[in-house]
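K.L.:
Structure incoming, see below.
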Amino acid sequence: MEKKPFYITTPIYYPSAKLHIGHAYCTTIADAIARFKRLAGYDVFFLTGSDEHGQKIQQTAEGAGVTPIQYVDKIVAGFRNLWKELHISHDDFIRTTEERHQRVVQEIFRRIYEKGDIYKGSYKGLYCTPCESYWTEHQLDENGCCPDCHRPVQEVSEEAYFFKMSKYADKVLAYIEENPEFIQPVSRRNEMINFIKQGLEDLCISRTSFDWGIPVPTDPKHVIYVWFDALSNYLTPIGFLDDEAKFGKYWPADVHLVGKEIVRFHSIIWPCILMALDLPLPKKVYGHGWLIVDGDKMSKSKGNVVDPLALIEEFSADAIRYFLLREINLGQDGNFSRDALITRINSDLANDLGNLLHRTLNMIGKFQGGSLLPPAGESAVDASLKADAMDTVKAYEEEMEAMQLSSAIKKVWAFVSRANKYIDETAPWVLAKDPGKKQELANTMYHLAESLRIISVLISPYMPVTAERIWKQLGLSEDFSKVQLSDIREWGGTPGDLKVGLPEQLFPRIEVEKDEAAPVKQEKPAKKEKQGKAEHEEITIEDFSKIHLRVVRVLAAEPVPKTEKLLKLTVDLGDEQREIVSGIAQHYAPEDLVGKNVVMVINLKPAKIRGIVSHGMVLAASHGDGMKLLSVDMPVGSRVR
Ligand code: ME8
């Protein structure tokens with residue numbers, strides 16, 4: 001049977017700087033989806049690449065004293081190496097400096113020009129070079145800077161070609177409104193609808209003040225605007241212009257996965273270009289959230305970048321992948337913290353998964369000489385484990401199809417815990433002492449090995465190396481790269497006489513320094529005299545401006561078990577949700593907090609309190625024994641200064 005095609009893309013990254021863990025996040029999500037789709041039997045084409053033209057890159061190269069191509073060659077080699085180390089399974093890597101791409105961009109320009117949707121005019125307006133974006137006066141932020149990156153914009157005035165975007169505004173709006181699945185999540189969709197309703201102006205698509213770009217075919221003193229150039233990359237490797245059958249198979253793309261700040265380019269400008277070319281529009285543009293470090297988007301200028309290669313070297317690619325995909329809900333911002341990463345590695349990977357494999361293989365070795373014995377009959381607890389396994393596969397598939405990667409892997413972990421509990425319930429060490437329980441013991445060992453076989457397939461989009469290691473330790477002979485989801489939709493794929501391997505540690509436990517896991521100050525107030533001194537110490541306005549205070553809404557509250565003072569709160573920051581732990585249980589009942597708008601420090605370093613990672617702190621005033629939260633009647637997301 002012919003496989004169904006599935007085409008997924010990441011953005012092509014600017015080689016203006018080294019990639020950081022935020023870029024790795026985006027590519028890891030796409031990789032997990034691509035791997036899942038391959039498992040599910042699709043013919044997948046997964047594309048990533050580099051976006052190498054534009055003024056920003058020309059300037060950076062000049063600053064470094066090299067030619068632009070020398071500059072990008074070196075950085076792009078670093079991209080490729082990172083994707084290799086992170087086990088990214090892309091089918092092609094497109095560079096916008098390649099001849100195959102240049103040809104496509106010039107042909108697209110020519111076709112739209114001939115159609116009359118590109119015309120020559122003169123551009124006078126504002127340009128943000130770091131974002132390579134044009135802005136109008138009314139779109140700037142309150143300081144007259146770029147509304148995306150908040151850096152100063154430049155006035156530019158030059159002869160330029162324009163693309164008639166205004167002509168397609170109504171059509172693209174209708175497409176967005178008629179196709180609720182097109183822009184996800186829904187918050188981004190609403191933003192885009194509002195953006196178009198404010199009016200779409202024609203887009204300036206050429207520049208003459210620098211030359212690092214693809215020349216306009218009929219007027220080579222102009223170079224084509226980087227976004228027009230970059231977006232076209234999605235058509236190049238799937239056969240546009242040279243392989244009609246291939247192009248017909250993969251286009252329109254199933255998913256363009258992009259960061260939330262570039263949804264606008266993908267869901268408005270790109271569809272207008274495609275309409276001008278009479279090509280169908282992509283099925284989905286998914287805007288994922290940002291990886292935040294200490295409350296701020298990671299960026300070189302802020303000096304808070306986390307180097308993915310160093311992390312991979314320290315903790316392994318699979319551990320990083322697992323953390324990113326499990327910890328953050330796609331679409332929402334998520335905090336990256338070393339403490340949270342170590343907690344996940346120790347509790348989920350070393351403990352839950354590592355122990356399940358180790359205990360199982362150890363017992364098969366010790367009680368049955370390293371071999372399974374064919375199962376016969378089934379106890380109630382065996383049947384319930386089997387039913388849970390099948391339910392997990394089903395729920396996992398549904399979540400993965402909906403791109404809910406975090407929920408899907410949580411379901412797998414619930415099953416890992418279930419299997420660990422099954423060991424305690426069946427107590428194989430007791431069965432092993434009773435010769436009359438030989439079959440019961442054989443059944444138990446079989447159920448555990450089969451559960452692990454299923455788990456290894458389910459985790460393979462997240463942790464491809466670990467998944468295969470489990471498969472091999474189990475002694476399964478089938479080539480792991482050929483395994484499909486259909487192999488685990490039914491229970492019983494493990495051969496009844498399988499000879500298993502020796503257990504090898506999957507993830508070593510990471511030892512944490514004592515104060516890394518210490519509770520935050522809320523639980524242990526500083527000494528009185530220290531507080532007094534701090535109160536009289538003057539700080540500058542710059543010191544104060546480091547503290548990001550925001551109005552947030554409490555969505556849920558519950559006591560932290562075995563504590564008197566602590567409540568766990570889920571709060572809405574306006575653009576994401578977070579969990580925090582607060583020492584206010586003696587002053588507020590959980591139900592009184594839900595729906596309250598309170599003030600929170602959002603860039604406080606996360607801290608683990610009683611096993612829960614707290615991402616921020618709500619403010620409260622205290623007097624004697626009384627305490628009240630600072631509550632403000634302002635919309636969620638308002639900055640407090
Ligand atoms: O925008 N967390 O390239 P880019 C999550 N060349 N994602 C992040 C992130 C973070 N901290 N920082 C960056 C471009 N990203 C264009 C794309 S596509 C035709 C052209 C994500 O290198 C960001 O959201 O600036 C974006 O999706 C991607 O990295 C590339 O960013």
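Ordering of the structure tokens sets the chain letters (A, B, ...), residue numbers begin anew at 1 in every chain, and ligands are numbered from 1 in the order given.
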Would you mind listing the residues within 6 Å of ligand 1, counting only C-alpha atoms and all ligand atoms, as a list of chain:residue names?
P.N.:
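Within the 6 Å cut-off, the matching residues are A:Pro11, A:Ile12, A:Tyr13, A:Tyr14, A:Gly22, A:His23, A:Tyr25, A:Cys26, A:Asp51, A:Ala230, A:Leu231, A:Val258, A:Gly259, A:Lys260, A:Glu261, A:Trp290, A:Leu291, A:Ile292, A:Lys297, A:Met298.
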K.L.:
Which residues are close to Leu279 in chain A, i.e. within 9 Å by only C-alpha atoms, leaving aside same-chain residues fewer than 4 positions away? Reply as a PyMOL selection string.
P.N.:
chain A and resi 251-252+271+273-275
K.L.:
For a test of reading the model, state the distance in Å between CA of Gly289 in chain A and CA of Ile29 in chain A, rounded to one decimal.
P.N.:
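Distance reported for this atom pair: 11.4 Å.
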K.L.:
Of the candidates A:Arg110, A:Gln102, A:Glu177, A:Lys411, which one gets nearest to Glu398 in chain A if we count only C-alpha atoms?
P.N.:
A:Lys411
K.L.:
Can you check which residues of range 20-249 of chain A DSSP gives as strand (DSSP E or B) on the backbone and send them as a ChimeraX atom specification?
P.N.:
/A:43-50,92-95,118-128,133-135,154-163,183-184,203-204,206-207,215-216,219-224
K.L.:
List the spatial neighbours of Gln368 in chain A as a list of chain:residue names - criterion: any atom at most 9 Å away, only C-alpha atoms, same-chain residues fewer than 5 positions off excluded.
P.N.:
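Final neighbour list, sorted by chain and number: A:Met363, A:Leu373, A:Ala442, A:Met445.
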K.L.:
Please write the residues from the selection above to a file, keeping N, CA, C and O atoms, as a PDB file, in the first residue's frame.
P.N.:
```
ATOM      1  N   MET A 363      15.825  -9.908  37.105  1.00  0.00           N
ATOM      2  CA  MET A 363      14.987 -11.026  37.584  1.00  0.00           C
ATOM      3  C   MET A 363      14.928 -12.145  36.542  1.00  0.00           C
ATOM      4  O   MET A 363      14.981 -13.320  36.907  1.00  0.00           O
ATOM      5  N   LEU A 373      10.046 -17.637  29.421  1.00  0.00           N
ATOM      6  CA  LEU A 373       9.410 -18.933  29.185  1.00  0.00           C
ATOM      7  C   LEU A 373       8.024 -18.619  28.656  1.00  0.00           C
ATOM      8  O   LEU A 373       7.409 -17.629  29.088  1.00  0.00           O
ATOM      9  N   ALA A 442       6.740 -17.154  35.137  1.00  0.00           N
ATOM     10  CA  ALA A 442       7.026 -16.997  33.693  1.00  0.00           C
ATOM     11  C   ALA A 442       6.097 -15.942  33.092  1.00  0.00           C
ATOM     12  O   ALA A 442       6.520 -15.099  32.291  1.00  0.00           O
ATOM     13  N   MET A 445       7.267 -12.417  34.171  1.00  0.00           N
ATOM     14  CA  MET A 445       8.460 -11.967  33.437  1.00  0.00           C
ATOM     15  C   MET A 445       8.094 -11.587  31.997  1.00  0.00           C
ATOM     16  O   MET A 445       8.599 -10.613  31.452  1.00  0.00           O
TER      17      MET A 445
END
```
K.L.:
Output as a Markdown table one row per residue of range 65-135 of chain A within 8 Å of range 17-20 of chain A: the closest atom pair and its distance in Å to one decimal place, counting only C-alpha atoms, sorted by chain and residue number ascending.
P.N.:
```
| residue | atom | partner | partner_atom | distance |
| --- | --- | --- | --- | --- |
| A:Ile75 | CA | A:Lys18 | CA | 6.9 |
| A:Gly78 | CA | A:Lys18 | CA | 7.6 |
| A:Phe79 | CA | A:Leu19 | CA | 7.0 |
```
K.L.:
For Asn355 in chain A, which residue among A:Ser622, A:Ser477, A:Thr426, A:Gln505 is the nearest when counting only C-alpha atoms?
P.N.:
A:Gln505
K.L.:
Go through A:Leu126, A:His87, A:Cys272, A:Thr444 one by one, measure the shortest atom-to-atom distance of each to Asp170 in chain A using only C-alpha atoms, and give the residue with the smallest value.
P.N.:
A:Cys272
